[in-house]
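Take a look at the structure below.
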Number of protein chains: 2
Amino acid sequence: MFNKKQHVDFQGQSKLGVPPYNNTDSTSERAFRKTSNHCPHNTACEGCSSRHLSLCSALDRDELKDFSKISIDYQKEAKQIICSEDEEAKYLYNIRSGTVRISKMLSDGRRQITGFLFAGDFFGLSCKDRYNFTAEAVTNVDICRFPRTKIMQSFRDYPNLGERVFDMTRTELDSTHDQMLLLGRKTAQEKLCSFLLAMKEKLGRLEVVAENEVDIPMSRTDIADYLGLTVETISRQFTKLHKKGLIEMEGAHKVFLKDIKALSALAIGD
Amino acid sequence: MFNKKQHVDFQGQSKLGVPPYNNTDSTSERAFRKTSNHCPHNTACEGCSSRHLSLCSALDRDELKDFSKISIDYQKEAKQIICSEDEEAKYLYNIRSGTVRISKMLSDGRRQITGFLFAGDFFGLSCKDRYNFTAEAVTNVDICRFPRTKIMQSFRDYPNLGERVFDMTRTELDSTHDQMLLLGRKTAQEKLCSFLLAMKEKLGRLEVVAENEVDIPMSRTDIADYLGLTVETISRQFTKLHKKGLIEMEGAHKVFLKDIKALSALAIGD
DNA sequence: CGGAAAACTTGACAGGGATCAAACTTGTCG
DNA sequence: CGACAAGTTTGATCCCTGTCAAGTTTTCCG
């Protein structure tokens with residue numbers, strides 16, 4: 001049996017490349033936490049930096065004020081678990097900042113990461129009474145969560161909200177189909193190129209960086225488990241792309257895409 | 001580059017194992033078509049055999065009568081295309097009977113089947129203005145379709161309908177995550193076992209067959225493209241399971257699961 | 001600053017599944 | 001019925017990616 005991990009491990013990744021908003025030292029981190037705990041019912045929805053990206057964009061100012069009453073806002077440090085597979089699915093989680101990974105595991109430790117989520121993304125809705133995935137913080141994250149029972153009612157109270165969430169769900173279903181094509185039919189090189197380009201797209205919307213620069217927040221292991229490969233293969237493919245002159249690296253987490261056109265062609269096997 | 005198909009092919013599969021409801025000879029087939037064309041606006045929603053399985057189950061008798069006005073009902077023969085990638089996404093399709101495959105292709109012909117759909121399933125909603133997948137009839141199918149513009153309005157007019165479709169969409173998103181775990185991390189044997197068990201589950205709800213009997217409507221090639229493998233590997237794994245005494249075959253499309261427990265264990269890599 | 005642990009890279013080798021080829025079986029249709 | 005086409009199975013061989021191992025770089029933390 002290949003690719004079975006001998007030991008189940010939950011290790012996370014280095015902090016290199018963590019976006020600036022949570023690149024805090026431990027002191028300011030603690031202060032931040034305290035402020036947040038001081039105000040558990042997040043009355044600051046109105047000023048939420050990820051509001052325009054998230055499901056909340058469907059609400060006007062008054063609706064948001066009401067809606068914020070059922071949410072609480074908190075933080076998780078990198079590598080912490082947000083929710084686990086088989087745990088009772090009480091909440092819908094909404095990411096305000098940072099990166100989260102959603103994964104599933106086989107009993108012998110083989111892991112598949114089914115998605116990376118960023119500011120504005122939510123999770124915890126597409127499941128029955130128990131989560132059928134594990135969500136972990138890749139970087140420090142700022143999240144708000146809503147009781148699922150109440151959120152379902154909100155969808156009825158605010159049809160715009162329901163439609164917005166439905167839209168986002170359909171968009172996600174769309175992209176899972178792309179990911180299935182990738183997992184089932186693409187080569188290692190095509191997978192990595194696809195990944196880099198997708199990351200550029202997603203992160204490009206969230207942070208302002210130099211053109212063609214991508215700050216990859218997750219570890220090589222995470223990338224491997226997302227693309228259905230091993231760490232070693234990921235590493236070798238990075239080297240290969242670098243030798244081809246298609247990418248430039250600065251540490252393991254900052255990548256410059258030197259030739260988007262060539263990378264795009266490689267990504268779809270042309 | 002491995003597994004790149006030399007020729008793009010749209011071949012379907014033999015008719016062996018097609019469920020009885022469309023195991024008609026060409027004469028009765030034509031008669032059926034004529035009847036259907038005679039009555040394009042499907043006033044027979046009320047008596048629809050897949051109604052209780054489909055999104056329509058959210059509607060009561062009067063609502064269904066209204067709703068049926070925006071649908072038309074028709075048939076496609078096995079191997080025919082229902083809608084194609086990049087084609088304008090005008091309709092939502094609902095399957096009344098038969099099997100449909102949803103697939104995506106790379107330019108060199110490598111294909112990934114992202115799902116098989118059966119009576120009660122719908123498709124065509126999770127996309128922007130153009131379909132990003134191709135839907136083809138695996139067996140003869142009986143489908144009804146709705147203009148997308150009108151269906152969105154129906155979701156508002158009949159909130160139960162909207163919720164039902166949302167539910168079904170979330171359930172589907174769920175299962176795509178299982179499929180990603182399968183594609184990214186399972187071995188050929190585990191993939192096939194998972195597939196057989198999933199088919200037993202799905203088909204068990206639709207047709208009455210002997211306990212542990214599974215009538216697989218699709219070809220080996222389709223199974224391969226669904227599991228991210230090649231036809232040859234599928235065939236070899238079938239043989240292997242047979243030699244292990246876990247399955248019995250009758251032709252290529254009728255399978256008897258002799259040891260569900262053992263198959264289940266193999267499916268998740270225990 | 002310094003030492004240990006974690007993360008990443010590189011090399012040698014192996015194997016699961018792909019590829020190529022051919023035989024066999026089943027379905028189609030005149 | 002009979003012949004051709006399509007689908008399936010089996011065998012021989014290859015190669016991409018996994019596995020195992022070791023070395024290097026980066027991060028963590030006293």
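We label chains A, B, ... in the order they appear in the structure tokens, count residues from 1 in each chain, and number ligands from 1 in the order shown.
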Chain B onto chain A, all Cα, least squares, as a PDB file with C-alpha atoms, in the first residue's frame:
ATOM      1  CA  MET B   1       0.106   0.060  -0.059  1.00  0.00           C
ATOM      2  CA  PHE B   2       1.663   3.335  -1.044  1.00  0.00           C
ATOM      3  CA  ASN B   3       1.501   6.730   0.548  1.00  0.00           C
ATOM      4  CA  LYS B   4       0.135   5.526   3.843  1.00  0.00           C
ATOM      5  CA  LYS B   5       1.521   7.668   6.570  1.00  0.00           C
ATOM      6  CA  GLN B   6       2.975   5.757   9.442  1.00  0.00           C
ATOM      7  CA  HIS B   7       1.990   8.284  12.036  1.00  0.00           C
ATOM      8  CA  VAL B   8      -1.001  10.492  12.241  1.00  0.00           C
ATOM      9  CA  ASP B   9       0.342  13.960  12.622  1.00  0.00           C
ATOM     10  CA  PHE B  10      -1.251  17.309  12.995  1.00  0.00           C
ATOM     11  CA  GLN B  11       1.776  19.450  12.451  1.00  0.00           C
ATOM     12  CA  GLY B  12       1.173  22.793  10.896  1.00  0.00           C
ATOM     13  CA  GLN B  13       3.692  24.930   9.087  1.00  0.00           C
ATOM     14  CA  SER B  14       6.294  27.581   9.653  1.00  0.00           C
ATOM     15  CA  LYS B  15       5.217  31.164  10.052  1.00  0.00           C
ATOM     16  CA  LEU B  16       7.232  32.358   7.096  1.00  0.00           C
ATOM     17  CA  GLY B  17       5.065  34.179   4.681  1.00  0.00           C
ATOM     18  CA  VAL B  18       2.165  34.746   7.019  1.00  0.00           C
ATOM     19  CA  PRO B  19       0.354  37.834   5.795  1.00  0.00           C
ATOM     20  CA  PRO B  20       1.143  41.024   7.751  1.00  0.00           C
ATOM     21  CA  TYR B  21      -2.195  41.289   9.510  1.00  0.00           C
ATOM     22  CA  ASN B  22      -1.403  38.482  11.895  1.00  0.00           C
ATOM     23  CA  ASN B  23       2.328  38.809  11.898  1.00  0.00           C
ATOM     24  CA  THR B  24       2.102  40.035  15.445  1.00  0.00           C
ATOM     25  CA  ASP B  25       4.511  39.216  18.221  1.00  0.00           C
ATOM     26  CA  SER B  26       3.180  37.385  21.242  1.00  0.00           C
ATOM     27  CA  THR B  27       2.668  40.586  23.207  1.00  0.00           C
ATOM     28  CA  SER B  28       0.375  42.346  20.800  1.00  0.00           C
ATOM     29  CA  GLU B  29      -1.259  38.977  20.152  1.00  0.00           C
ATOM     30  CA  ARG B  30      -2.317  38.736  23.750  1.00  0.00           C
ATOM     31  CA  ALA B  31      -3.530  42.314  23.817  1.00  0.00           C
ATOM     32  CA  PHE B  32      -5.605  41.601  20.746  1.00  0.00           C
ATOM     33  CA  ARG B  33      -7.151  38.566  22.338  1.00  0.00           C
ATOM     34  CA  LYS B  34      -8.051  40.498  25.428  1.00  0.00           C
ATOM     35  CA  THR B  35      -9.771  43.213  23.465  1.00  0.00           C
ATOM     36  CA  SER B  36     -11.682  40.594  21.597  1.00  0.00           C
ATOM     37  CA  ASN B  37     -12.809  38.712  24.677  1.00  0.00           C
ATOM     38  CA  HIS B  38     -13.930  41.959  26.156  1.00  0.00           C
ATOM     39  CA  CYS B  39     -16.514  42.198  23.439  1.00  0.00           C
ATOM     40  CA  PRO B  40     -17.675  38.699  22.547  1.00  0.00           C
ATOM     41  CA  HIS B  41     -20.785  39.793  20.713  1.00  0.00           C
ATOM     42  CA  ASN B  42     -19.119  41.341  17.796  1.00  0.00           C
ATOM     43  CA  THR B  43     -20.649  44.768  17.468  1.00  0.00           C
ATOM     44  CA  ALA B  44     -17.935  45.630  14.995  1.00  0.00           C
ATOM     45  CA  CYS B  45     -19.503  43.798  12.067  1.00  0.00           C
ATOM     46  CA  GLU B  46     -20.081  47.126  10.453  1.00  0.00           C
ATOM     47  CA  GLY B  47     -16.381  47.794  10.327  1.00  0.00           C
ATOM     48  CA  CYS B  48     -15.392  44.198   9.539  1.00  0.00           C
ATOM     49  CA  SER B  49     -12.557  44.174   7.042  1.00  0.00           C
ATOM     50  CA  SER B  50     -13.856  41.050   5.335  1.00  0.00           C
ATOM     51  CA  ARG B  51     -17.473  42.152   5.249  1.00  0.00           C
ATOM     52  CA  HIS B  52     -17.517  42.975   1.536  1.00  0.00           C
ATOM     53  CA  LEU B  53     -16.042  39.568   0.739  1.00  0.00           C
ATOM     54  CA  SER B  54     -18.220  37.490   2.986  1.00  0.00           C
ATOM     55  CA  LEU B  55     -21.794  36.339   3.177  1.00  0.00           C
ATOM     56  CA  CYS B  56     -22.502  39.484   5.206  1.00  0.00           C
ATOM     57  CA  SER B  57     -22.227  41.610   2.081  1.00  0.00           C
ATOM     58  CA  ALA B  58     -25.842  40.637   1.439  1.00  0.00           C
ATOM     59  CA  LEU B  59     -27.011  42.642   4.421  1.00  0.00           C
ATOM     60  CA  ASP B  60     -27.561  46.365   4.742  1.00  0.00           C
ATOM     61  CA  ARG B  61     -26.471  48.295   7.802  1.00  0.00           C
ATOM     62  CA  ASP B  62     -29.586  47.664   9.921  1.00  0.00           C
ATOM     63  CA  GLU B  63     -29.805  44.008   9.030  1.00  0.00           C
ATOM     64  CA  LEU B  64     -26.140  43.584   9.819  1.00  0.00           C
ATOM     65  CA  LYS B  65     -26.698  45.076  13.247  1.00  0.00           C
ATOM     66  CA  ASP B  66     -29.374  42.502  13.991  1.00  0.00           C
ATOM     67  CA  PHE B  67     -27.431  39.696  12.429  1.00  0.00           C
ATOM     68  CA  SER B  68     -24.316  40.465  14.428  1.00  0.00           C
ATOM     69  CA  LYS B  69     -26.224  39.600  17.585  1.00  0.00           C
ATOM     70  CA  ILE B  70     -26.057  35.902  16.873  1.00  0.00           C
ATOM     71  CA  SER B  71     -22.358  35.886  16.053  1.00  0.00           C
ATOM     72  CA  ILE B  72     -19.341  35.759  18.235  1.00  0.00           C
ATOM     73  CA  ASP B  73     -15.887  36.624  17.095  1.00  0.00           C
ATOM     74  CA  TYR B  74     -12.645  35.006  18.188  1.00  0.00           C
ATOM     75  CA  GLN B  75      -9.124  34.006  17.215  1.00  0.00           C
ATOM     76  CA  LYS B  76      -7.211  30.812  16.763  1.00  0.00           C
ATOM     77  CA  GLU B  77      -3.476  30.514  16.521  1.00  0.00           C
ATOM     78  CA  ALA B  78      -1.772  28.711  13.679  1.00  0.00           C
ATOM     79  CA  LYS B  79      -2.016  24.901  13.923  1.00  0.00           C
ATOM     80  CA  GLN B  80      -5.016  24.964  16.240  1.00  0.00           C
ATOM     81  CA  ILE B  81      -8.093  22.958  15.426  1.00  0.00           C
ATOM     82  CA  ILE B  82     -11.271  24.903  14.772  1.00  0.00           C
ATOM     83  CA  CYS B  83     -13.598  21.941  14.500  1.00  0.00           C
ATOM     84  CA  SER B  84     -13.144  18.213  14.055  1.00  0.00           C
ATOM     85  CA  GLU B  85     -14.634  15.462  11.960  1.00  0.00           C
ATOM     86  CA  ASP B  86     -17.501  13.679  13.741  1.00  0.00           C
ATOM     87  CA  GLU B  87     -17.949  16.499  16.227  1.00  0.00           C
ATOM     88  CA  GLU B  88     -21.469  17.834  16.589  1.00  0.00           C
ATOM     89  CA  ALA B  89     -21.982  20.485  13.914  1.00  0.00           C
ATOM     90  CA  LYS B  90     -23.265  23.374  15.970  1.00  0.00           C
ATOM     91  CA  TYR B  91     -21.734  26.291  14.151  1.00  0.00           C
ATOM     92  CA  LEU B  92     -21.173  27.913  10.840  1.00  0.00           C
ATOM     93  CA  TYR B  93     -17.754  29.559  10.754  1.00  0.00           C
ATOM     94  CA  ASN B  94     -16.873  32.665   8.810  1.00  0.00           C
ATOM     95  CA  ILE B  95     -13.251  33.646   8.256  1.00  0.00           C
ATOM     96  CA  ARG B  96     -12.353  37.285   8.833  1.00  0.00           C
ATOM     97  CA  SER B  97      -8.642  36.941   8.223  1.00  0.00           C
ATOM     98  CA  GLY B  98      -6.000  34.237   7.905  1.00  0.00           C
ATOM     99  CA  THR B  99      -5.952  30.853   6.218  1.00  0.00           C
ATOM    100  CA  VAL B 100      -7.857  27.712   7.185  1.00  0.00           C
ATOM    101  CA  ARG B 101      -7.495  24.203   5.826  1.00  0.00           C
ATOM    102  CA  ILE B 102     -10.354  21.740   5.528  1.00  0.00           C
ATOM    103  CA  SER B 103      -9.323  18.106   5.498  1.00  0.00           C
ATOM    104  CA  LYS B 104     -10.464  14.521   5.742  1.00  0.00           C
ATOM    105  CA  MET B 105      -8.419  11.545   6.854  1.00  0.00           C
ATOM    106  CA  LEU B 106      -8.337   7.811   6.389  1.00  0.00           C
ATOM    107  CA  SER B 107      -7.799   5.683   9.472  1.00  0.00           C
ATOM    108  CA  ASP B 108      -4.144   5.063   8.649  1.00  0.00           C
ATOM    109  CA  GLY B 109      -3.371   8.756   8.504  1.00  0.00           C
ATOM    110  CA  ARG B 110      -3.544   9.475   4.802  1.00  0.00           C
ATOM    111  CA  ARG B 111      -4.951  12.956   4.547  1.00  0.00           C
ATOM    112  CA  GLN B 112      -6.720  14.887   1.828  1.00  0.00           C
ATOM    113  CA  ILE B 113      -7.065  18.624   2.147  1.00  0.00           C
ATOM    114  CA  THR B 114     -10.273  19.455   0.326  1.00  0.00           C
ATOM    115  CA  GLY B 115      -9.809  23.184   0.466  1.00  0.00           C
ATOM    116  CA  PHE B 116      -7.978  26.207   1.763  1.00  0.00           C
ATOM    117  CA  LEU B 117     -10.191  29.029   2.964  1.00  0.00           C
ATOM    118  CA  PHE B 118      -9.412  32.706   3.296  1.00  0.00           C
ATOM    119  CA  ALA B 119     -10.987  35.947   4.445  1.00  0.00           C
ATOM    120  CA  GLY B 120     -14.632  36.029   3.434  1.00  0.00           C
ATOM    121  CA  ASP B 121     -15.030  32.251   3.131  1.00  0.00           C
ATOM    122  CA  PHE B 122     -17.277  30.263   5.428  1.00  0.00           C
ATOM    123  CA  PHE B 123     -17.586  26.582   6.324  1.00  0.00           C
ATOM    124  CA  GLY B 124     -19.680  24.269   8.438  1.00  0.00           C
ATOM    125  CA  LEU B 125     -22.913  24.436   6.515  1.00  0.00           C
ATOM    126  CA  SER B 126     -22.522  21.473   4.169  1.00  0.00           C
ATOM    127  CA  CYS B 127     -22.876  18.712   6.649  1.00  0.00           C
ATOM    128  CA  LYS B 128     -25.507  16.850   8.579  1.00  0.00           C
ATOM    129  CA  ASP B 129     -25.547  16.915  12.361  1.00  0.00           C
ATOM    130  CA  ARG B 130     -21.816  16.235  12.542  1.00  0.00           C
ATOM    131  CA  TYR B 131     -18.905  17.809  10.723  1.00  0.00           C
ATOM    132  CA  ASN B 132     -17.501  15.465   8.157  1.00  0.00           C
ATOM    133  CA  PHE B 133     -14.194  17.271   7.941  1.00  0.00           C
ATOM    134  CA  THR B 134     -11.625  18.872  10.172  1.00  0.00           C
ATOM    135  CA  ALA B 135     -10.893  22.591  10.003  1.00  0.00           C
ATOM    136  CA  GLU B 136      -7.556  23.855  11.232  1.00  0.00           C
ATOM    137  CA  ALA B 137      -5.873  27.237  11.334  1.00  0.00           C
ATOM    138  CA  VAL B 138      -2.969  27.379   8.905  1.00  0.00           C
ATOM    139  CA  THR B 139      -2.009  30.879   9.998  1.00  0.00           C
ATOM    140  CA  ASN B 140      -3.383  32.784  12.939  1.00  0.00           C
ATOM    141  CA  VAL B 141      -6.982  33.385  12.060  1.00  0.00           C
ATOM    142  CA  ASP B 142      -9.744  35.697  13.067  1.00  0.00           C
ATOM    143  CA  ILE B 143     -13.133  34.044  12.724  1.00  0.00           C
ATOM    144  CA  CYS B 144     -16.701  34.646  13.669  1.00  0.00           C
ATOM    145  CA  ARG B 145     -19.211  31.884  14.118  1.00  0.00           C
ATOM    146  CA  PHE B 146     -22.974  31.519  14.110  1.00  0.00           C
ATOM    147  CA  PRO B 147     -25.186  28.855  15.654  1.00  0.00           C
ATOM    148  CA  ARG B 148     -26.470  26.769  12.768  1.00  0.00           C
ATOM    149  CA  THR B 149     -29.978  26.681  14.102  1.00  0.00           C
ATOM    150  CA  LYS B 150     -30.151  30.451  14.124  1.00  0.00           C
ATOM    151  CA  ILE B 151     -28.442  30.906  10.818  1.00  0.00           C
ATOM    152  CA  MET B 152     -31.039  28.807   9.038  1.00  0.00           C
ATOM    153  CA  GLN B 153     -33.691  31.117  10.408  1.00  0.00           C
ATOM    154  CA  SER B 154     -31.693  34.128   9.268  1.00  0.00           C
ATOM    155  CA  PHE B 155     -31.783  32.813   5.726  1.00  0.00           C
ATOM    156  CA  ARG B 156     -35.562  33.034   5.898  1.00  0.00           C
ATOM    157  CA  ASP B 157     -35.575  36.414   7.616  1.00  0.00           C
ATOM    158  CA  TYR B 158     -33.101  37.884   5.156  1.00  0.00           C
ATOM    159  CA  PRO B 159     -33.694  36.282   1.779  1.00  0.00           C
ATOM    160  CA  ASN B 160     -30.735  38.169   0.324  1.00  0.00           C
ATOM    161  CA  LEU B 161     -28.512  36.468   2.837  1.00  0.00           C
ATOM    162  CA  GLY B 162     -29.884  33.044   1.966  1.00  0.00           C
ATOM    163  CA  GLU B 163     -29.353  33.692  -1.708  1.00  0.00           C
ATOM    164  CA  ARG B 164     -25.863  34.974  -1.152  1.00  0.00           C
ATOM    165  CA  VAL B 165     -24.925  31.849   0.795  1.00  0.00           C
ATOM    166  CA  PHE B 166     -26.564  29.657  -1.809  1.00  0.00           C
ATOM    167  CA  ASP B 167     -24.559  31.434  -4.498  1.00  0.00           C
ATOM    168  CA  MET B 168     -21.332  30.962  -2.605  1.00  0.00           C
ATOM    169  CA  THR B 169     -22.147  27.298  -2.072  1.00  0.00           C
ATOM    170  CA  ARG B 170     -22.757  26.766  -5.776  1.00  0.00           C
ATOM    171  CA  THR B 171     -19.530  28.540  -6.655  1.00  0.00           C
ATOM    172  CA  GLU B 172     -17.703  26.262  -4.276  1.00  0.00           C
ATOM    173  CA  LEU B 173     -19.321  23.181  -5.794  1.00  0.00           C
ATOM    174  CA  ASP B 174     -18.053  24.438  -9.113  1.00  0.00           C
ATOM    175  CA  SER B 175     -14.500  24.643  -7.957  1.00  0.00           C
ATOM    176  CA  THR B 176     -14.605  21.205  -6.348  1.00  0.00           C
ATOM    177  CA  HIS B 177     -15.264  19.856  -9.834  1.00  0.00           C
ATOM    178  CA  ASP B 178     -12.129  21.547 -11.114  1.00  0.00           C
ATOM    179  CA  GLN B 179     -10.259  20.044  -8.212  1.00  0.00           C
ATOM    180  CA  MET B 180     -11.573  16.575  -9.062  1.00  0.00           C
ATOM    181  CA  LEU B 181     -10.250  16.962 -12.602  1.00  0.00           C
ATOM    182  CA  LEU B 182      -6.928  17.996 -11.105  1.00  0.00           C
ATOM    183  CA  LEU B 183      -6.778  15.125  -8.618  1.00  0.00           C
ATOM    184  CA  GLY B 184      -7.912  12.449 -11.025  1.00  0.00           C
ATOM    185  CA  ARG B 185      -6.198  13.411 -14.233  1.00  0.00           C
ATOM    186  CA  LYS B 186      -3.385  15.906 -13.888  1.00  0.00           C
ATOM    187  CA  THR B 187       0.323  15.157 -13.510  1.00  0.00           C
ATOM    188  CA  ALA B 188       2.377  16.442 -10.588  1.00  0.00           C
ATOM    189  CA  GLN B 189       3.671  19.359 -12.621  1.00  0.00           C
ATOM    190  CA  GLU B 190       0.240  20.310 -13.875  1.00  0.00           C
ATOM    191  CA  LYS B 191      -1.113  20.108 -10.345  1.00  0.00           C
ATOM    192  CA  LEU B 192       1.483  22.454  -8.924  1.00  0.00           C
ATOM    193  CA  CYS B 193       1.102  24.967 -11.757  1.00  0.00           C
ATOM    194  CA  SER B 194      -2.668  24.933 -11.318  1.00  0.00           C
ATOM    195  CA  PHE B 195      -2.224  25.451  -7.612  1.00  0.00           C
ATOM    196  CA  LEU B 196       0.144  28.393  -7.961  1.00  0.00           C
ATOM    197  CA  LEU B 197      -2.126  30.127 -10.422  1.00  0.00           C
ATOM    198  CA  ALA B 198      -5.207  29.515  -8.295  1.00  0.00           C
ATOM    199  CA  MET B 199      -3.418  30.897  -5.261  1.00  0.00           C
ATOM    200  CA  LYS B 200      -2.401  33.982  -7.189  1.00  0.00           C
ATOM    201  CA  GLU B 201      -6.027  34.507  -8.141  1.00  0.00           C
ATOM    202  CA  LYS B 202      -7.437  34.029  -4.665  1.00  0.00           C
ATOM    203  CA  LEU B 203      -4.799  35.887  -2.717  1.00  0.00           C
ATOM    204  CA  GLY B 204      -4.648  38.643  -5.296  1.00  0.00           C
ATOM    205  CA  ARG B 205      -8.135  39.646  -4.222  1.00  0.00           C
ATOM    206  CA  LEU B 206      -7.236  39.807  -0.552  1.00  0.00           C
ATOM    207  CA  GLU B 207      -3.860  41.452  -0.291  1.00  0.00           C
ATOM    208  CA  VAL B 208      -1.882  43.972  -2.206  1.00  0.00           C
ATOM    209  CA  VAL B 209       1.375  42.510  -3.408  1.00  0.00           C
ATOM    210  CA  ALA B 210       3.647  42.990  -6.367  1.00  0.00           C
ATOM    211  CA  GLU B 211       2.292  41.748  -9.668  1.00  0.00           C
ATOM    212  CA  ASN B 212       3.040  38.020 -10.052  1.00  0.00           C
ATOM    213  CA  GLU B 213       4.074  37.626  -6.446  1.00  0.00           C
ATOM    214  CA  VAL B 214       2.341  34.909  -4.444  1.00  0.00           C
ATOM    215  CA  ASP B 215       2.711  34.529  -0.697  1.00  0.00           C
ATOM    216  CA  ILE B 216       1.887  30.926   0.004  1.00  0.00           C
ATOM    217  CA  PRO B 217       0.801  30.640   3.628  1.00  0.00           C
ATOM    218  CA  MET B 218       0.776  26.840   3.875  1.00  0.00           C
ATOM    219  CA  SER B 219       3.522  24.255   4.178  1.00  0.00           C
ATOM    220  CA  ARG B 220       4.770  21.891   1.492  1.00  0.00           C
ATOM    221  CA  THR B 221       3.025  19.070   3.341  1.00  0.00           C
ATOM    222  CA  ASP B 222      -0.275  20.928   3.128  1.00  0.00           C
ATOM    223  CA  ILE B 223       0.201  21.581  -0.569  1.00  0.00           C
ATOM    224  CA  ALA B 224       0.986  17.896  -1.069  1.00  0.00           C
ATOM    225  CA  ASP B 225      -2.119  16.795   0.793  1.00  0.00           C
ATOM    226  CA  TYR B 226      -4.188  19.246  -1.209  1.00  0.00           C
ATOM    227  CA  LEU B 227      -2.865  18.029  -4.557  1.00  0.00           C
ATOM    228  CA  GLY B 228      -2.809  14.317  -3.784  1.00  0.00           C
ATOM    229  CA  LEU B 229       0.988  14.092  -3.840  1.00  0.00           C
ATOM    230  CA  THR B 230       3.849  13.762  -1.353  1.00  0.00           C
ATOM    231  CA  VAL B 231       6.020  16.522   0.100  1.00  0.00           C
ATOM    232  CA  GLU B 232       9.016  15.241  -1.811  1.00  0.00           C
ATOM    233  CA  THR B 233       7.215  15.444  -5.123  1.00  0.00           C
ATOM    234  CA  ILE B 234       6.054  18.981  -4.376  1.00  0.00           C
ATOM    235  CA  SER B 235       9.570  20.026  -3.539  1.00  0.00           C
ATOM    236  CA  ARG B 236      10.954  18.455  -6.700  1.00  0.00           C
ATOM    237  CA  GLN B 237       8.349  20.122  -8.851  1.00  0.00           C
ATOM    238  CA  PHE B 238       9.116  23.503  -7.322  1.00  0.00           C
ATOM    239  CA  THR B 239      12.765  22.949  -8.185  1.00  0.00           C
ATOM    240  CA  LYS B 240      11.848  21.874 -11.691  1.00  0.00           C
ATOM    241  CA  LEU B 241       9.750  24.982 -12.325  1.00  0.00           C
ATOM    242  CA  HIS B 242      12.551  27.115 -10.970  1.00  0.00           C
ATOM    243  CA  LYS B 243      15.120  25.465 -13.251  1.00  0.00           C
ATOM    244  CA  LYS B 244      12.806  26.055 -16.187  1.00  0.00           C
ATOM    245  CA  GLY B 245      12.858  29.742 -15.286  1.00  0.00           C
ATOM    246  CA  LEU B 246       9.106  29.864 -14.740  1.00  0.00           C
ATOM    247  CA  ILE B 247       9.245  30.805 -11.070  1.00  0.00           C
ATOM    248  CA  GLU B 248      11.598  32.524  -8.652  1.00  0.00           C
ATOM    249  CA  MET B 249      11.597  31.758  -4.931  1.00  0.00           C
ATOM    250  CA  GLU B 250      12.356  33.797  -1.831  1.00  0.00           C
ATOM    251  CA  GLY B 251      12.297  31.383   1.049  1.00  0.00           C
ATOM    252  CA  ALA B 252       9.803  28.550   0.765  1.00  0.00           C
ATOM    253  CA  HIS B 253       6.682  30.685   0.891  1.00  0.00           C
ATOM    254  CA  LYS B 254       7.193  33.600  -1.426  1.00  0.00           C
ATOM    255  CA  VAL B 255       6.955  32.736  -5.112  1.00  0.00           C
ATOM    256  CA  PHE B 256       7.276  34.972  -8.138  1.00  0.00           C
ATOM    257  CA  LEU B 257       5.551  33.754 -11.254  1.00  0.00           C
ATOM    258  CA  LYS B 258       7.938  34.737 -14.039  1.00  0.00           C
ATOM    259  CA  ASP B 259       5.901  33.450 -16.951  1.00  0.00           C
ATOM    260  CA  ILE B 260       2.192  33.249 -16.303  1.00  0.00           C
ATOM    261  CA  LYS B 261       1.437  32.232 -19.865  1.00  0.00           C
ATOM    262  CA  ALA B 262       3.780  29.256 -19.768  1.00  0.00           C
ATOM    263  CA  LEU B 263       2.525  28.251 -16.314  1.00  0.00           C
ATOM    264  CA  SER B 264      -1.068  28.435 -17.500  1.00  0.00           C
ATOM    265  CA  ALA B 265      -0.258  26.209 -20.438  1.00  0.00           C
ATOM    266  CA  LEU B 266       1.463  23.701 -18.156  1.00  0.00           C
ATOM    267  CA  ALA B 267      -1.490  23.801 -15.766  1.00  0.00           C
ATOM    268  CA  ILE B 268      -3.922  22.457 -18.299  1.00  0.00           C
ATOM    269  CA  GLY B 269      -1.536  20.095 -20.069  1.00  0.00           C
ATOM    270  CA  ASP B 270      -1.071  21.941 -23.337  1.00  0.00           C
TER     271      ASP B 270
END
Show which residues sit within 12 Å of stretch 23-25 of chain C, as a VMD selection string. Count only C-alpha atoms (C1' of nucleotides), and ignore same-chain residues fewer than 5 positions away.
(chain B and resid 251 to 252) or (chain D and resid 6 to 11)
Please compute the atom C1' of D:DT25-atom C1' of C:DA7 distance, one decimal, in Å.
8.3 Å
From a DSSP calculation on the backbone, collect every residue of stretch 96-200 of chain B in strand (DSSP E) and output the set as a count of residues only.
28
According to DSSP computed on the backbone, where in stretch 58-248 of chain B is there alpha helix (DSSP H)? Give the residues as a PyMOL selection string.
chain B and resi 61-67+148-157+159-185+188-206+220-227+231-243
Within 12 Å of chain A, which residues belong to chain D? Use only C-alpha atoms (C1' of nucleotides) and report them as a PyMOL selection string.
chain D and resi 16-20+25-28
Mind dumping a table of every chain C residue within 10 Å of chain B, with the nearest atom pair and its distance in Å to one decimal, using only C-alpha atoms (C1' of nucleotides), sorted by chain and rising number, as JSON lines?
{"residue": "C:DG16", "atom": "C1'", "partner": "B:Thr187", "partner_atom": "CA", "distance": 8.6}
{"residue": "C:DG17", "atom": "C1'", "partner": "B:Thr233", "partner_atom": "CA", "distance": 7.0}
{"residue": "C:DA18", "atom": "C1'", "partner": "B:Asn3", "partner_atom": "CA", "distance": 6.2}
{"residue": "C:DT19", "atom": "C1'", "partner": "B:Asn3", "partner_atom": "CA", "distance": 7.8}
{"residue": "C:DT25", "atom": "C1'", "partner": "B:Gly251", "partner_atom": "CA", "distance": 9.4}
{"residue": "C:DT26", "atom": "C1'", "partner": "B:Ser14", "partner_atom": "CA", "distance": 8.6}
{"residue": "C:DG27", "atom": "C1'", "partner": "B:Ser14", "partner_atom": "CA", "distance": 7.1}
